[in-house]
$ cat entry-v5.txt   # compact mmCIF, C-alpha atoms
# COMPACT_ATOMS: atom_id res chain seq x y z
CA MET A 1 9.91 -55.61 6.76
CA ALA A 2 10.63 -52.33 8.57
CA PRO A 3 8.62 -49.26 7.58
CA LEU A 4 10.42 -46.68 5.46
CA GLU A 5 10.36 -43.23 7.00
CA SER A 6 12.15 -39.95 6.42
CA ILE A 7 12.45 -37.20 9.02
CA ASP A 8 12.42 -34.64 6.20
CA GLY A 9 9.27 -35.94 4.50
CA GLY A 10 9.06 -36.73 0.84
CA ARG A 11 8.39 -39.91 -1.09
CA VAL A 12 10.27 -42.82 -2.60
CA GLY A 13 11.33 -41.83 -6.09
CA GLU A 14 13.23 -44.97 -7.01
CA ILE A 15 13.95 -48.36 -5.42
CA LEU A 16 17.58 -49.34 -6.04
CA VAL A 17 17.47 -52.95 -4.84
CA ALA A 18 15.14 -55.89 -5.35
CA ASP A 19 13.65 -58.10 -2.69
CA GLY A 20 16.27 -60.63 -1.58
CA ASP A 21 19.30 -58.67 -2.89
CA GLN A 22 22.44 -58.75 -0.76
CA VAL A 23 23.45 -55.23 0.27
CA GLU A 24 26.39 -53.73 2.11
CA ALA A 25 26.09 -51.47 5.12
CA GLY A 26 25.68 -47.88 3.97
CA GLU A 27 24.64 -48.85 0.43
CA PRO A 28 21.71 -46.73 -0.83
CA LEU A 29 18.46 -48.68 -1.05
CA VAL A 30 16.10 -46.01 -2.36
CA VAL A 31 16.15 -42.51 -3.74
CA LEU A 32 13.92 -40.18 -1.77
CA ILE A 33 12.27 -37.18 -3.36
CA ALA A 34 11.97 -34.50 -0.71
CA PRO A 35 10.72 -31.18 -2.14
CA ALA A 36 11.42 -29.23 1.07
CA VAL A 37 15.03 -30.43 1.17
CA THR A 38 15.47 -29.76 -2.55
CA ALA A 39 14.08 -26.24 -2.14
CA GLU A 40 16.35 -25.52 0.82
CA LEU A 41 19.34 -26.82 -1.11
CA GLY A 42 18.49 -24.43 -3.95
CA VAL A 43 18.25 -21.49 -1.55
CA LEU A 44 21.59 -22.37 0.04
CA LYS A 45 23.30 -22.79 -3.35
CA ASN A 46 22.02 -19.38 -4.47
CA ARG A 47 23.26 -17.83 -1.23
CA LEU A 48 26.66 -19.47 -1.75
CA LEU A 49 26.88 -17.95 -5.23
CA GLU A 50 25.86 -14.52 -3.91
CA VAL A 51 28.44 -14.63 -1.12
CA THR A 52 31.16 -15.86 -3.50
CA VAL A 53 30.57 -13.03 -5.97
CA GLN A 54 30.20 -10.51 -3.13
CA GLU A 55 33.59 -11.59 -1.77
CA ARG A 56 35.10 -11.06 -5.21
CA ARG A 57 33.49 -7.60 -5.41
CA LEU A 58 35.02 -6.67 -2.08
CA ARG A 59 38.42 -7.87 -3.27
CA ALA A 60 37.98 -5.74 -6.40
CA GLU A 61 37.15 -2.73 -4.21
CA ILE A 62 40.26 -3.24 -2.13
CA LYS A 63 42.58 -3.78 -5.10
CA GLY A 64 40.88 -1.32 -7.43
CA GLY A 65 40.36 -3.98 -10.08
CA ASP A 66 37.51 -5.88 -11.67
CA ILE A 67 35.31 -8.62 -10.25
CA LEU A 68 36.88 -11.92 -11.29
CA LEU A 69 34.31 -14.58 -12.16
CA GLU A 70 36.72 -17.31 -13.20
CA GLY A 71 36.74 -20.46 -11.11
CA ILE A 72 33.16 -20.18 -9.84
CA ASP A 73 31.54 -23.56 -9.25
CA PRO A 74 30.49 -24.76 -12.73
CA SER A 75 27.25 -26.22 -11.34
CA PHE A 76 25.88 -22.65 -11.42
CA SER A 77 24.35 -21.69 -14.73
CA ASP A 78 25.70 -18.74 -16.71
CA THR A 79 22.33 -17.05 -16.15
CA GLU A 80 22.64 -17.39 -12.36
CA VAL A 81 26.22 -16.11 -12.35
CA SER A 82 25.30 -13.26 -14.70
CA ARG A 83 22.38 -12.18 -12.48
CA VAL A 84 24.46 -12.08 -9.32
CA ALA A 85 27.47 -10.52 -11.07
CA THR A 86 25.27 -7.76 -12.53
CA GLU A 87 24.01 -6.90 -9.03
CA GLN A 88 27.53 -6.86 -7.60
CA LEU A 89 28.93 -4.82 -10.52
CA ALA A 90 26.23 -2.20 -9.90
CA MET A 91 27.20 -2.16 -6.22
CA LEU A 92 30.89 -1.83 -7.13
CA ASP A 93 30.14 1.12 -9.43
CA VAL A 94 28.07 2.87 -6.75
CA ARG A 95 30.70 2.35 -4.06
CA ARG A 96 33.46 3.60 -6.36
CA GLU A 97 31.41 6.69 -7.18
CA VAL A 98 30.79 7.36 -3.49
CA HIS A 99 34.51 6.94 -2.81
CA GLU A 100 35.46 9.30 -5.65
CA ASN A 101 32.91 11.88 -4.48
CA GLY A 102 34.30 11.61 -0.97
CA LEU A 103 37.82 12.19 -2.27
CA SER A 104 36.66 15.20 -4.30
CA ARG A 105 34.95 16.67 -1.23
CA LEU A 106 38.07 16.12 0.89
CA THR A 107 40.17 17.83 -1.79
CA GLU A 108 37.81 20.81 -1.69
CA ILE A 109 37.98 20.96 2.11
CA ARG A 110 41.76 20.79 1.97
CA ALA A 111 41.88 23.72 -0.48
CA GLN A 112 39.56 25.71 1.79
CA LEU A 113 41.73 24.97 4.81
CA GLU A 114 44.86 25.97 2.89
CA ALA A 115 43.17 29.27 1.96
CA GLN A 116 42.14 29.83 5.59
CA LYS A 117 45.67 29.04 6.72
CA ALA A 118 47.11 31.56 4.25
CA GLY A 119 44.56 34.16 5.38
CA ILE A 120 45.39 33.60 9.04
CA ALA A 121 49.11 33.79 8.30
CA GLY A 122 48.47 37.10 6.50
CA GLN A 123 46.50 38.44 9.47
CA ILE A 124 49.26 37.39 11.87
CA ALA A 125 51.85 39.10 9.67
CA ALA A 126 49.77 42.28 9.48
CA LEU A 127 49.24 42.35 13.24
CA SER A 128 52.92 41.70 13.88
CA GLU A 129 54.08 44.80 11.96
$ encode --input "entry-v5.txt" --output "structure tokens"
Amino acid sequence: MAPLESIDGGRVGEILVADGDQVEAGEPLVVLIAPAVTAELGVLKNRLLEVTVQERRLRAEIKGGDILLEGIDPSFSDTEVSRVATEQLAMLDVRREVHENGLSRLTEIRAQLEAQKAGIAGQIAALSE
């Protein structure tokens, strides 16, 4: 019998076949429990959720709408989605506020420039007389 090894470590969690069973090529023989792989999978799934909701926040910024959470992979719990969505909603609110403040400041600058323009025009008119 050949030794059972895994390059990722772990242990045999379940044996799926019995001694002497006929098996097909590619058929699973055992279930490995690999904590490092499971942990990495969890990290990657969380990152996928974060990137998915971030993309939807960016689309909401562009379109001026809300973050749409429909159609997110149902394997994510409502708690996970809610956590990430709350973070992204806060970011959306901050970015909208910054944008609105920037627009207000530009409006003020425009009014100042219009006043300067009128003042300069008045000076030119006075000097031209």
$ atom_distance --input "entry-v5.txt" --atom1 "atom CA of A:Ile124" --atom2 "atom CA of A:Ala111"
19.8 Å
$ residues_around --input "entry-v5.txt" --residues "A:Arg56" --least-positions-apart "6" --cutoff "8 Å" --atoms "all atoms listed in the file" --output "VMD selection string"
chain A and resid 67 to 69
$ atom_distance --input "entry-v5.txt" --atom1 "atom CA of A:Leu106" --atom2 "atom CA of A:Gln54"
28.1 Å
$ atom_distance --input "entry-v5.txt" --atom1 "atom CA of A:Ile7" --atom2 "atom CA of A:Leu29"
16.4 Å
$ axis_aligned_box --input "entry-v5.txt" --around "stretch 17-24 of chain A" --padding-each-side "5 Å" --output "JSON"
{"center_x": 20.0, "center_y": -56.8, "center_z": -1.6, "size_x": 22.7, "size_y": 17.7, "size_z": 17.5}
